[in-house]
Every structure is written in structure tokens, then in C-alpha cells.
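Student: Provided below: start.csv, containing CSV, C-alpha atoms.
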```csv
chain,number,residue,atom,x,y,z
L,1,MET,CA,78.8,128.3,73.8
L,2,GLN,CA,76.1,127.6,71.2
L,3,TYR,CA,74.3,124.2,70.9
L,4,THR,CA,72.0,122.9,68.2
L,5,ARG,CA,68.9,121.1,69.4
L,6,ARG,CA,70.5,117.7,68.5
L,7,GLU,CA,73.7,118.6,70.4
L,8,PHE,CA,71.6,119.8,73.4
L,9,GLY,CA,69.8,116.5,73.6
L,10,LYS,CA,73.1,114.6,73.5
L,11,LEU,CA,74.5,116.7,76.2
L,12,ALA,CA,71.4,116.3,78.4
L,13,LEU,CA,71.5,112.6,78.0
L,14,ALA,CA,75.2,112.6,78.9
L,15,GLY,CA,74.3,114.3,82.2
L,16,LEU,CA,75.4,117.8,81.6
L,17,PRO,CA,74.3,119.8,84.7
L,18,ALA,CA,71.1,121.8,84.3
L,19,ALA,CA,72.9,125.0,85.4
L,20,ALA,CA,75.4,124.7,82.5
L,21,LEU,CA,72.6,124.2,80.0
L,22,LEU,CA,70.8,127.2,81.3
L,23,GLU,CA,73.9,129.4,80.8
L,24,THR,CA,73.5,128.9,77.1
L,25,PRO,CA,71.1,131.1,74.9
L,26,LEU,CA,68.9,128.0,74.1
L,27,LEU,CA,66.5,128.5,77.0
L,28,ALA,CA,66.1,132.2,76.3
L,29,LEU,CA,65.3,131.3,72.6
L,30,GLN,CA,62.7,128.8,73.6
L,31,ALA,CA,59.1,129.9,73.2
L,32,LYS,CA,57.7,131.1,76.5
L,33,PRO,CA,54.8,129.2,77.8
L,34,ASN,CA,51.4,130.7,78.5
L,35,SER,CA,49.3,128.8,81.0
L,36,LYS,CA,46.6,131.4,81.4
L,37,ILE,CA,44.0,129.4,79.6
L,38,ALA,CA,40.7,131.0,78.6
L,39,GLY,CA,41.3,133.6,81.3
L,40,VAL,CA,42.1,130.9,84.0
L,41,GLN,CA,45.6,131.1,85.4
L,42,ILE,CA,47.0,127.5,85.8
L,43,GLY,CA,50.2,127.0,87.8
L,44,VAL,CA,52.0,124.2,89.5
L,45,ILE,CA,53.5,123.7,92.9
L,46,THR,CA,57.1,122.5,92.5
L,47,TYR,CA,56.4,119.7,95.1
L,48,SER,CA,54.9,118.0,92.0
L,49,TYR,CA,58.5,117.3,90.8
L,50,ARG,CA,59.8,115.9,94.0
L,51,SER,CA,60.5,112.5,92.4
L,52,MET,CA,62.8,114.0,89.7
L,53,LEU,CA,66.5,113.4,90.4
L,54,ASP,CA,67.8,117.0,90.0
L,55,GLN,CA,66.2,119.3,92.6
L,56,THR,CA,68.1,122.5,91.7
L,57,ALA,CA,66.3,125.7,90.9
L,58,GLU,CA,67.6,125.5,87.3
L,59,ALA,CA,66.2,122.0,86.8
L,60,THR,CA,63.0,122.9,88.5
L,61,LEU,CA,62.5,125.8,86.1
L,62,LYS,CA,63.0,123.4,83.2
L,63,TYR,CA,60.4,121.0,84.6
L,64,ILE,CA,57.9,123.8,84.7
L,65,LEU,CA,58.7,124.9,81.2
L,66,ASP,CA,58.5,121.3,79.8
L,67,SER,CA,55.1,120.9,81.5
L,68,GLY,CA,53.9,123.9,79.5
L,69,LEU,CA,53.3,126.2,82.5
L,70,SER,CA,54.0,129.9,83.0
L,71,ALA,CA,53.3,130.2,86.7
L,72,THR,CA,54.3,128.5,89.9
L,73,GLU,CA,54.0,128.1,93.7
L,74,LEU,CA,57.7,127.7,94.4
L,75,MET,CA,58.9,125.5,97.3
L,76,ASP,CA,61.8,126.3,99.5
L,77,GLY,CA,64.0,123.4,98.5
L,78,PRO,CA,65.1,124.8,95.1
L,79,VAL,CA,65.2,128.3,96.5
L,80,GLU,CA,67.4,127.6,99.4
L,81,ASN,CA,69.6,125.3,97.2
L,82,PHE,CA,70.1,128.3,94.9
L,83,LEU,CA,70.9,130.6,97.8
L,84,GLY,CA,73.6,128.3,99.2
L,85,ARG,CA,71.9,126.6,102.1
L,86,PRO,CA,74.5,125.1,104.4
L,87,ALA,CA,75.4,121.6,103.2
L,88,THR,CA,75.6,120.2,106.7
L,89,VAL,CA,71.9,120.9,107.3
L,90,GLY,CA,69.7,118.1,105.9
L,91,ARG,CA,66.1,117.9,104.7
L,92,GLY,CA,63.5,115.3,105.3
L,93,ALA,CA,62.8,114.7,101.6
L,94,GLY,CA,63.8,115.9,98.2
L,95,GLY,CA,64.7,119.5,97.5
L,96,GLY,CA,61.3,120.2,95.9
L,97,GLY,CA,59.3,119.8,99.0
L,98,GLY,CA,60.0,118.1,102.3
L,99,ARG,CA,56.6,116.6,102.6
L,100,ALA,CA,56.5,112.8,102.9
L,101,GLY,CA,53.9,110.6,101.5
L,102,GLY,CA,51.8,108.2,103.7
L,103,ALA,CA,53.2,104.8,104.4
L,104,ALA,CA,51.6,101.8,102.9
L,105,PRO,CA,50.1,99.2,105.3
L,106,ALA,CA,52.4,96.5,106.4
L,107,GLU,CA,50.0,93.8,105.2
L,108,ALA,CA,47.3,94.3,102.5
L,109,PRO,CA,44.4,92.0,101.7
L,110,ALA,CA,44.7,89.9,98.6
L,111,GLY,CA,43.3,91.2,95.3
L,112,PRO,CA,43.4,94.5,93.5
L,113,THR,CA,43.8,97.6,95.5
L,114,PRO,CA,41.0,100.3,95.3
L,115,TYR,CA,43.3,102.3,93.1
L,116,GLU,CA,43.8,99.4,90.8
L,117,GLN,CA,40.0,98.8,90.7
L,118,LEU,CA,39.4,102.4,89.7
L,119,MET,CA,42.0,102.5,87.0
L,120,ALA,CA,40.4,99.3,85.6
L,121,GLY,CA,37.1,101.1,85.3
L,122,THR,CA,35.3,100.2,88.5
L,123,MET,CA,34.8,102.8,91.2
L,124,PRO,CA,35.8,101.1,94.5
L,125,THR,CA,33.8,101.3,97.7
L,126,CYS,CA,35.2,101.6,101.2
L,127,THR,CA,33.9,102.2,104.7
L,128,PRO,CA,35.3,105.7,105.6
L,129,GLY,CA,38.3,105.4,107.7
L,130,GLU,CA,39.1,101.8,106.6
L,131,GLY,CA,40.5,100.1,103.5
L,132,ARG,CA,43.7,100.6,101.5
L,133,ALA,CA,44.0,104.0,100.0
L,134,GLY,CA,46.6,103.1,97.4
L,135,GLY,CA,46.5,106.6,95.9
L,136,GLY,CA,49.7,108.2,97.2
L,137,ALA,CA,47.9,110.8,99.4
L,138,ARG,CA,49.6,112.4,102.3
L,139,GLY,CA,47.9,112.5,105.6
L,140,GLY,CA,46.8,115.8,107.2
L,141,GLY,CA,47.7,117.3,110.5
L,142,ALA,CA,50.0,120.0,111.6
L,143,PRO,CA,53.8,119.7,111.5
L,144,GLY,CA,55.6,118.5,114.6
L,145,GLY,CA,54.4,116.1,117.3
L,146,ARG,CA,55.8,113.1,115.4
L,147,GLY,CA,56.8,111.1,118.4
L,148,ARG,CA,60.5,111.1,117.6
L,149,GLY,CA,61.7,112.2,121.1
L,150,GLU,CA,63.9,115.1,121.9
L,151,PRO,CA,66.3,116.4,119.2
L,152,SER,CA,69.9,115.4,119.6
L,153,PRO,CA,72.6,118.0,120.3
L,154,GLU,CA,73.8,117.6,116.7
L,155,ALA,CA,70.3,118.3,115.4
L,156,LEU,CA,70.0,121.4,117.7
L,157,ALA,CA,73.3,122.7,116.5
L,158,ALA,CA,72.3,122.2,112.8
L,159,ALA,CA,69.0,124.0,113.4
L,160,GLU,CA,70.9,126.9,115.0
L,161,GLU,CA,73.3,127.0,112.0
L,162,LEU,CA,70.4,127.1,109.6
L,163,ARG,CA,68.6,129.8,111.6
L,164,LYS,CA,71.7,132.0,111.5
L,165,TRP,CA,72.1,131.4,107.8
L,166,ARG,CA,68.5,132.3,107.0
L,167,THR,CA,68.6,135.4,109.0
L,168,SER,CA,71.8,136.7,107.4
L,169,VAL,CA,71.3,135.7,103.7
L,170,SER,CA,71.1,138.5,101.2
L,171,MET,CA,67.9,139.0,99.2
L,172,ASP,CA,70.0,140.0,96.1
L,173,LYS,CA,70.4,136.3,95.1
L,174,VAL,CA,66.6,135.7,95.6
L,175,LYS,CA,66.0,138.5,93.1
L,176,GLN,CA,68.5,136.8,90.7
L,177,LEU,CA,66.4,133.6,91.0
L,178,ARG,CA,63.2,135.6,90.3
L,179,LYS,CA,64.8,137.1,87.2
L,180,MET,CA,65.9,133.7,85.9
L,181,PHE,CA,62.3,132.5,86.2
L,182,ASN,CA,60.7,135.7,84.8
L,183,ASP,CA,63.1,135.8,81.9
L,184,ALA,CA,62.1,132.3,81.0
L,185,GLY,CA,58.4,133.4,81.1
L,186,VAL,CA,57.5,131.9,84.5
L,187,THR,CA,55.8,134.0,87.3
L,188,ILE,CA,56.2,133.0,90.9
L,189,TYR,CA,52.9,133.8,92.5
L,190,ALA,CA,53.4,131.9,95.8
L,191,TYR,CA,56.2,130.7,98.0
L,192,LYS,CA,55.9,127.8,100.4
L,193,SER,CA,58.5,127.1,103.0
L,194,ASP,CA,58.0,123.5,104.4
L,195,GLY,CA,61.5,123.3,105.7
L,196,MET,CA,61.0,126.0,108.4
L,197,GLN,CA,58.8,125.3,111.4
L,198,LYS,CA,56.3,128.1,111.9
L,199,ASN,CA,55.0,128.2,115.4
L,200,MET,CA,55.0,130.5,118.4
L,201,GLN,CA,58.6,129.5,119.1
L,202,THR,CA,59.8,130.6,115.6
L,203,THR,CA,61.8,133.8,116.0
L,204,ASP,CA,60.7,137.1,114.5
L,205,ALA,CA,63.9,137.2,112.4
L,206,GLU,CA,63.0,133.8,110.8
L,207,LEU,CA,59.5,135.0,109.9
L,208,ASP,CA,61.0,138.2,108.5
L,209,TYR,CA,63.2,136.0,106.3
L,210,LEU,CA,60.2,134.0,105.1
L,211,PHE,CA,58.2,137.0,104.0
L,212,ASN,CA,61.3,138.8,102.6
L,213,VAL,CA,62.0,135.8,100.4
L,214,ALA,CA,58.4,135.7,99.2
L,215,ALA,CA,58.5,139.4,98.4
L,216,ALA,CA,61.8,139.2,96.6
L,217,LEU,CA,60.5,136.4,94.5
L,218,GLY,CA,57.5,138.6,93.5
L,219,ALA,CA,55.0,136.3,95.2
L,220,THR,CA,51.7,137.8,96.3
L,221,HIS,CA,51.4,135.3,99.1
L,222,THR,CA,53.2,132.6,101.1
L,223,THR,CA,51.5,129.4,102.0
L,224,MET,CA,51.5,127.3,105.2
L,225,GLU,CA,49.4,124.7,106.9
L,226,LEU,CA,46.4,126.0,108.7
L,227,PRO,CA,47.0,126.1,112.5
L,228,GLY,CA,44.8,123.8,114.5
L,229,PRO,CA,41.9,125.1,116.6
L,230,GLY,CA,42.4,126.5,120.1
L,231,PRO,CA,44.3,129.3,121.8
L,232,ASP,CA,47.7,128.4,120.2
L,233,GLY,CA,46.2,128.3,116.8
L,234,THR,CA,44.5,131.6,117.2
L,235,ALA,CA,47.7,133.2,118.5
L,236,MET,CA,49.6,131.9,115.4
L,237,LEU,CA,46.9,133.1,113.0
L,238,ASN,CA,47.2,136.6,114.5
L,239,ARG,CA,51.0,136.5,114.5
L,240,MET,CA,51.2,135.5,110.9
L,241,ALA,CA,48.7,138.2,109.9
L,242,GLN,CA,50.8,140.8,111.6
L,243,PHE,CA,53.9,139.7,109.6
L,244,ALA,CA,51.9,139.6,106.4
L,245,GLU,CA,50.7,143.1,106.9
L,246,LYS,CA,54.2,144.3,107.7
L,247,HIS,CA,55.6,142.9,104.5
L,248,LYS,CA,52.5,143.4,102.3
L,249,VAL,CA,52.5,139.7,101.4
L,250,SER,CA,49.4,137.7,102.3
L,251,ILE,CA,49.6,134.5,104.2
L,252,ALA,CA,47.4,131.8,102.6
L,253,TYR,CA,46.5,128.7,104.7
L,254,HIS,CA,46.5,125.2,103.2
L,255,THR,CA,44.3,122.3,104.4
L,256,HIS,CA,44.4,118.6,104.3
L,257,ALA,CA,41.9,116.3,106.1
L,258,GLN,CA,40.5,119.2,108.2
L,259,GLY,CA,39.1,120.9,105.1
L,260,SER,CA,35.5,122.0,105.4
L,261,MET,CA,33.2,124.9,104.4
L,262,THR,CA,33.9,126.8,107.6
L,263,VAL,CA,37.5,125.8,108.5
L,264,PHE,CA,38.9,129.1,107.4
L,265,ASP,CA,36.3,131.3,109.1
L,266,GLU,CA,38.5,132.3,112.1
L,267,ALA,CA,41.5,133.2,110.0
L,268,LEU,CA,39.5,135.1,107.4
L,269,LYS,CA,37.6,137.1,110.0
L,270,MET,CA,40.8,138.0,111.9
L,271,SER,CA,42.6,139.9,109.1
L,272,LYS,CA,42.4,140.8,105.4
L,273,TRP,CA,46.0,139.5,105.2
L,274,ASN,CA,44.9,136.0,106.1
L,275,MET,CA,43.8,134.1,102.9
L,276,SER,CA,42.8,130.6,101.8
L,277,ASN,CA,45.0,128.2,99.9
L,278,VAL,CA,42.4,125.4,100.0
L,279,ASP,CA,43.2,122.1,98.5
L,280,LEU,CA,40.0,121.0,96.8
L,281,GLY,CA,41.3,117.5,96.3
L,282,HIS,CA,41.8,117.0,100.0
L,283,TYR,CA,38.5,118.7,100.6
L,284,VAL,CA,36.7,116.0,98.6
L,285,ALA,CA,38.7,113.2,100.2
L,286,ALA,CA,37.7,114.5,103.6
L,287,GLY,CA,34.0,114.3,102.6
L,288,SER,CA,33.2,117.7,101.1
L,289,ASN,CA,32.0,118.8,104.5
L,290,GLY,CA,29.5,121.6,104.3
L,291,GLY,CA,29.2,121.7,100.5
L,292,SER,CA,30.7,120.7,97.2
L,293,PRO,CA,34.0,122.2,95.9
L,294,LEU,CA,31.9,124.4,93.6
L,295,GLU,CA,30.0,125.7,96.6
L,296,PHE,CA,33.2,126.4,98.5
L,297,LEU,CA,34.5,128.4,95.6
L,298,GLN,CA,31.3,130.4,95.3
L,299,ALA,CA,31.3,131.1,99.0
L,300,HIS,CA,35.0,132.1,99.4
L,301,HIS,CA,36.2,133.2,96.0
L,302,ASP,CA,37.0,136.7,97.3
L,303,ARG,CA,39.4,135.3,100.0
L,304,ILE,CA,41.2,132.7,98.0
L,305,ALA,CA,44.8,133.6,97.1
L,306,SER,CA,45.3,130.3,95.1
L,307,PHE,CA,44.0,126.8,95.4
L,308,HIS,CA,45.4,123.3,94.8
L,309,LEU,CA,43.9,121.4,92.0
L,310,LYS,CA,44.0,117.6,92.1
L,311,ASP,CA,41.5,114.8,91.6
L,312,ARG,CA,40.5,112.6,94.6
L,313,THR,CA,37.7,110.4,95.5
L,314,LEU,CA,35.2,110.7,98.3
L,315,PRO,CA,35.7,108.7,101.6
L,316,GLU,CA,33.1,106.1,100.4
L,317,HIS,CA,35.3,105.6,97.4
L,318,CYS,CA,38.4,105.2,99.5
L,319,SER,CA,39.8,108.8,99.4
L,320,LEU,CA,42.1,107.9,96.5
L,321,THR,CA,44.4,110.4,94.7
L,322,VAL,CA,43.9,109.8,91.0
L,323,PRO,CA,44.6,111.2,87.5
L,324,PHE,CA,42.5,114.2,86.5
L,325,GLY,CA,39.0,113.2,85.5
L,326,LYS,CA,39.1,109.8,87.2
L,327,GLY,CA,37.7,110.8,90.7
L,328,ASP,CA,35.0,112.7,92.5
L,329,GLY,CA,36.9,116.0,92.4
L,330,GLN,CA,34.7,117.8,89.8
L,331,ILE,CA,37.8,119.1,88.1
L,332,LYS,CA,36.0,120.0,84.9
L,333,ASP,CA,33.2,121.8,86.7
L,334,ILE,CA,35.8,123.7,88.8
L,335,LEU,CA,37.7,124.9,85.8
L,336,LEU,CA,34.5,125.9,83.9
L,337,LEU,CA,33.3,127.8,87.0
L,338,MET,CA,36.6,129.7,87.1
L,339,LYS,CA,36.2,130.6,83.5
L,340,LYS,CA,32.5,131.6,83.8
L,341,ASN,CA,33.2,133.9,86.7
L,342,LYS,CA,36.5,135.3,85.4
L,343,TRP,CA,38.2,134.6,88.7
L,344,THR,CA,41.8,135.5,88.6
L,345,PHE,CA,43.4,133.5,91.5
L,346,PRO,CA,45.6,130.7,90.3
L,347,ALA,CA,44.6,127.1,90.2
L,348,THR,CA,47.7,125.2,91.2
L,349,ILE,CA,48.2,121.7,89.9
L,350,GLU,CA,49.7,119.4,92.5
L,351,LEU,CA,50.7,116.0,91.3
L,352,GLU,CA,50.2,113.3,93.9
L,353,SER,CA,48.6,110.5,91.9
L,354,PRO,CA,50.9,107.5,91.3
L,355,ILE,CA,53.4,107.9,88.4
L,356,PRO,CA,53.3,105.0,86.0
L,357,ALA,CA,56.6,103.1,85.5
L,358,ASP,CA,57.0,104.4,81.9
L,359,SER,CA,56.4,108.0,82.9
L,360,ASP,CA,57.8,110.7,85.1
L,361,ALA,CA,56.5,113.7,87.0
L,362,VAL,CA,57.0,116.2,84.2
L,363,LYS,CA,55.0,114.0,81.8
L,364,GLU,CA,52.3,113.5,84.3
L,365,VAL,CA,52.0,117.2,85.1
L,366,LYS,CA,51.9,117.8,81.3
L,367,LYS,CA,48.9,115.4,81.1
L,368,CYS,CA,47.1,117.6,83.8
L,369,VAL,CA,47.8,120.7,81.7
L,370,ASP,CA,46.5,119.0,78.6
L,371,PHE,CA,43.3,118.0,80.5
L,372,VAL,CA,42.8,121.6,81.5
L,373,ARG,CA,43.3,122.9,78.0
L,374,ALA,CA,40.8,120.4,76.6
L,375,THR,CA,38.3,121.4,79.3
L,376,LEU,CA,38.6,125.1,78.7
L,377,ALA,CA,38.9,125.0,74.9
```
Take the structure in the file and give it back as C-alpha cells.

Tutor:
Amino acid sequence: MQYTRREFGKLALAGLPAAALLETPLLALQAKPNSKIAGVQIGVITYSYRSMLDQTAEATLKYILDSGLSATELMDGPVENFLGRPATVGRGAGGGGGRAGGAAPAEAPAGPTPYEQLMAGTMPTCTPGEGRAGGGARGGGAPGGRGRGEPSPEALAAAEELRKWRTSVSMDKVKQLRKMFNDAGVTIYAYKSDGMQKNMQTTDAELDYLFNVAAALGATHTTMELPGPGPDGTAMLNRMAQFAEKHKVSIAYHTHAQGSMTVFDEALKMSKWNMSNVDLGHYVAAGSNGGSPLEFLQAHHDRIASFHLKDRTLPEHCSLTVPFGKGDGQIKDILLLMKKNKWTFPATIELESPIPADSDAVKEVKKCVDFVRATLA
């Protein structure tokens, strides 16, 4: 069925499902984006679109295209939705991610929040570890240990059903998903599975599933949170490196509040298959321990698979998550350093700053892309 652009808009407003729209030739005729800007590959993690109502793979692809991007770190929500994840198995958050934001304080002092002060043009000050963040940032820490008690029999049964599904699903449909993205001009360079626990109790079959999906998507690496220090963390780093080598897909570790110049040392020394997926925004919010974001890139550029690009403020400025160019994140300097050194690893936009009432996630990611283009012009 053919649609004019005007008809397409009417159908979209009427709530025509994204999958039906994508079956038409219109998307194929749309100009393919190119977000390799002045030699710097810019992508987006699909967690950025978690607030959008439609979390299907088809809708997620449209969000990426409408943001003007040609590369992505794809989350497991849209992928497993596309693969037919069992409907009885729930997720903790929207299909784009599964990572929840930090809760606001029950009571807040009177007056503008630090974020409101910053957006009004005054850089706020805080005593590190105190104050109202007001910037929508997630806390750090490894998954699990949430104080929720033992899982119910129903939860255990659902987890077992999901495990069986994951270890039996065909990779043919994953390849169909990859083709849909690639045909639209979007490369999937990384895959992140937040919905699957990764620890020493995770079965080998589940980890094979994780790396098989990443490989079928065409990703060069899969990302996960950096295990904590100690024997268990060391064992997990070694185990993940073995699976990465087996599947020829790197494992890149992500950081939150634990970010520092040396936090990846153990992982990187252990195996060439262990890589960094540093979040330079969280690195700044944690205090830029050991050096600036620019110094981190200079020291570790040869072991970075991709990194997360967001603007945040230092602890003395309340560790806020803010629009590009408003914080202490040295976004412009990072981009110009990437361009100068011709580094090819992707810079991944991750939208976590508050979304204005008259905007949405797609528009806000597009603003980030526009900022990047203006910087690298």
C-alpha cells in the first residue's frame, strides 16, 4: 500500500502501529542518515527513548532515524520484543531499557533545585554527597542485592520460562532485525542486555544466547556493568572474557559512580576481549577521579569499544545530569579530541537529562546531535 507524506502523517496521528507503517516503501525511500560527523562516529543507546510510548523494535528504529542517527547501542527490550519474548514474563521498566531512575527525596528544601538554578544560568554548589540532584541521574552499583527478599515461586517459574525461551530461540529472527536496521541505514555496533542477570550463577547457555544475539546483530561488542572488586568480580571478568573470545565479540564494561582512571585496569590486563564502555558523564559526576575525561581518553583510547556521551556536573556542582553544553562534562573538548586523533570508536549519546514538558526523547536526542554537528563543523 502506498502513502503520500500527508497521508502518512494522518495515519501516524491516528495511531497506526509502527510495524504497519514500516511495511510500506516510505521508510525505504527516506534518505538514510549519516551520523559519522567529521570522522567521529556518533550513535545513541536506545535507553534514551525509554519514555516513548511504543517500545517495539520498529518504533525504536524510527526514533533513531528521526534523531538523525545512523548507529546505535541496541538494548534488549526492543530486541526480545521482536523475537517474541513470552508475554507472561515482565520487565522492570520500559522495553527500551529496564534501568530505573533514582527516586526523588521525600521532602525537599524550599526554593529552586540545583537543576533549576543551573538552567536559570547560575551554577549551583553542593557539598559532595548531599543536596538535591534534580538531574534525573541513575545511581551506580551492581545489579541485584536490592533488599527485596527471596523471589516468589511465581517469579522463579517466570524466570525459568524466560531462561528456556532464551536458550531455544532461533537467531534467524535476530538476523531479520539486523537487516531491518541496516536496510534503513542504521548500524548496530553494540548490544546491551539489562534484562538478564550476569553473574556466576548465570548458565553457560544463557551467556551463549547473549553473545549469539550480539553477533547476529552485527555488534562488535556487548556491554554490561563492571563487576565489583574482589574474588567474585575477578571470576566474572574472567568468565565473560572466555565467552567473548569464544564468540569473537568483545565484552565492554560500563561504569557509574565507581568510574576512575584505574577502575578498568584489572579487566583490561586480564584479556584483550575485555574492553571499556566508560560513561564519561558519570565519570565527571563521580569527581573525575585520577584525571579529566580528556586524560582518560588519551590513556585508554586503544581499549575503548565505545563510550557514553552525556553532560553532567562535578560533585561540588551537585552531580547533575544536564543538556549538552550546560555542565562540566567537557563535551566539546571530547568531540574535538576524537576528531583530532581520528579515533573510530563510537561516542554514544545517552539521554538522561530531564525532558521539558513541550518536548520528547526524540526531540531531545536530536538536540544532542545538533550540538555535536555544530561542534565538529

Student: Once you count only C-alpha atoms, which residues end up no further than 12 Å from (39.0, 118.2, 77.2) in the file's frame, shown as a VMD selection string?

Tutor: chain L and resid 324 to 325 331 to 333 335 to 336 367 to 377

Student: Could you check how far atom CA of His308 of chain L sits from atom CA of Gln176 of chain L, in Å to one decimal?

Tutor: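 It comes out at 27.1 Å.
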
Student: Which residue is closest to Thr167 of chain L? Choose from L:Leu237, L:Leu83, L:Leu118, L:Leu210 and count all atoms listed in the file.

Tutor: L:Leu210

Student: In Å, with one decimal, what is the gap from atom CA of Met270 of chain L to atom CA of Gln242 of chain L?

Tutor: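 Between atom CA of Met270 of chain L and atom CA of Gln242 of chain L the gap works out to 10.4 Å.
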
Student: Between L:Pro151, L:Gly290, L:Gly281, L:Pro356, which residue has the minimum interatomic distance to Leu309 of chain L, considering all atoms listed in the file?

Tutor: L:Gly281

Student: Please indicate the distance in Å from atom CA of Tyr253 of chain L to atom CA of His317 of chain L, rounded to one decimal place.

Tutor: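 Computing it gives 26.7 Å between the two atoms.
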
Student: Excluding Leu297 of chain L and residues on its chain fewer than 4 positions from it, collect all residues at most 12 Å away from it, counting all atoms listed in the file, and give them as a PDB file with C-alpha atoms, in the coordinates of the input.

Tutor:
```pdb
ATOM      1  CA  SER L 260      35.500 122.000 105.400  1.00  0.00           C
ATOM      2  CA  MET L 261      33.200 124.900 104.400  1.00  0.00           C
ATOM      3  CA  SER L 276      42.800 130.600 101.800  1.00  0.00           C
ATOM      4  CA  ASN L 277      45.000 128.200  99.900  1.00  0.00           C
ATOM      5  CA  VAL L 278      42.400 125.400 100.000  1.00  0.00           C
ATOM      6  CA  ASP L 279      43.200 122.100  98.500  1.00  0.00           C
ATOM      7  CA  LEU L 280      40.000 121.000  96.800  1.00  0.00           C
ATOM      8  CA  TYR L 283      38.500 118.700 100.600  1.00  0.00           C
ATOM      9  CA  GLY L 291      29.200 121.700 100.500  1.00  0.00           C
ATOM     10  CA  SER L 292      30.700 120.700  97.200  1.00  0.00           C
ATOM     11  CA  PRO L 293      34.000 122.200  95.900  1.00  0.00           C
ATOM     12  CA  HIS L 301      36.200 133.200  96.000  1.00  0.00           C
ATOM     13  CA  ASP L 302      37.000 136.700  97.300  1.00  0.00           C
ATOM     14  CA  ARG L 303      39.400 135.300 100.000  1.00  0.00           C
ATOM     15  CA  ILE L 304      41.200 132.700  98.000  1.00  0.00           C
ATOM     16  CA  ALA L 305      44.800 133.600  97.100  1.00  0.00           C
ATOM     17  CA  SER L 306      45.300 130.300  95.100  1.00  0.00           C
ATOM     18  CA  PHE L 307      44.000 126.800  95.400  1.00  0.00           C
ATOM     19  CA  ASP L 333      33.200 121.800  86.700  1.00  0.00           C
ATOM     20  CA  ILE L 334      35.800 123.700  88.800  1.00  0.00           C
ATOM     21  CA  LEU L 335      37.700 124.900  85.800  1.00  0.00           C
ATOM     22  CA  LEU L 336      34.500 125.900  83.900  1.00  0.00           C
ATOM     23  CA  LEU L 337      33.300 127.800  87.000  1.00  0.00           C
ATOM     24  CA  MET L 338      36.600 129.700  87.100  1.00  0.00           C
ATOM     25  CA  ASN L 341      33.200 133.900  86.700  1.00  0.00           C
ATOM     26  CA  TRP L 343      38.200 134.600  88.700  1.00  0.00           C
ATOM     27  CA  PHE L 345      43.400 133.500  91.500  1.00  0.00           C
ATOM     28  CA  ALA L 347      44.600 127.100  90.200  1.00  0.00           C
TER      29      ALA L 347
END
```

Student: Within 12 Å of Ser288 of chain L, counting all atoms listed in the file, which residues show up once you throw out same-chain ones fewer than 3 positions away? Write them as an NGL selection string, please.

Tutor: :L and (256-263 or 279-285 or 291-296 or 312-316 or 319 or 328-330)

Student: For the point (67.7, 133.8, 109.6) in file coordinates, what residues are within 9 Å, counting all atoms listed in the file? Give the answer as a list in words?

Tutor: Leu162, Arg163, Lys164, Trp165, Arg166, Thr167, Ser168, Val169, Thr203, Ala205, Glu206, Leu207, Asp208, Tyr209 and Leu210 of chain L

Student: Measuring between all atoms listed in the file, which one of L:Ala215, L:Ala267, L:Ile42, L:Ala190 shows the shortest distance to Gly228 of chain L?

Tutor: L:Ala267

Student: Can you tell me which residues surround Gly39 of chain L at a distance of at most 8 Å, considering all atoms listed in the file, apart from same-chain residues fewer than 5 positions away, and format the answer as a list of chain:residue names?

Tutor: L:Lys339, L:Lys342, L:Thr344

Student: Which residue, L:Asn289, L:Thr222, L:Thr127, L:Asn212, has the smallest gap to Tyr191 of chain L when you use all atoms listed in the file?

Tutor: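 Nearest candidate to Tyr191 of chain L out of L:Asn289, L:Thr222, L:Thr127, L:Asn212: L:Thr222.
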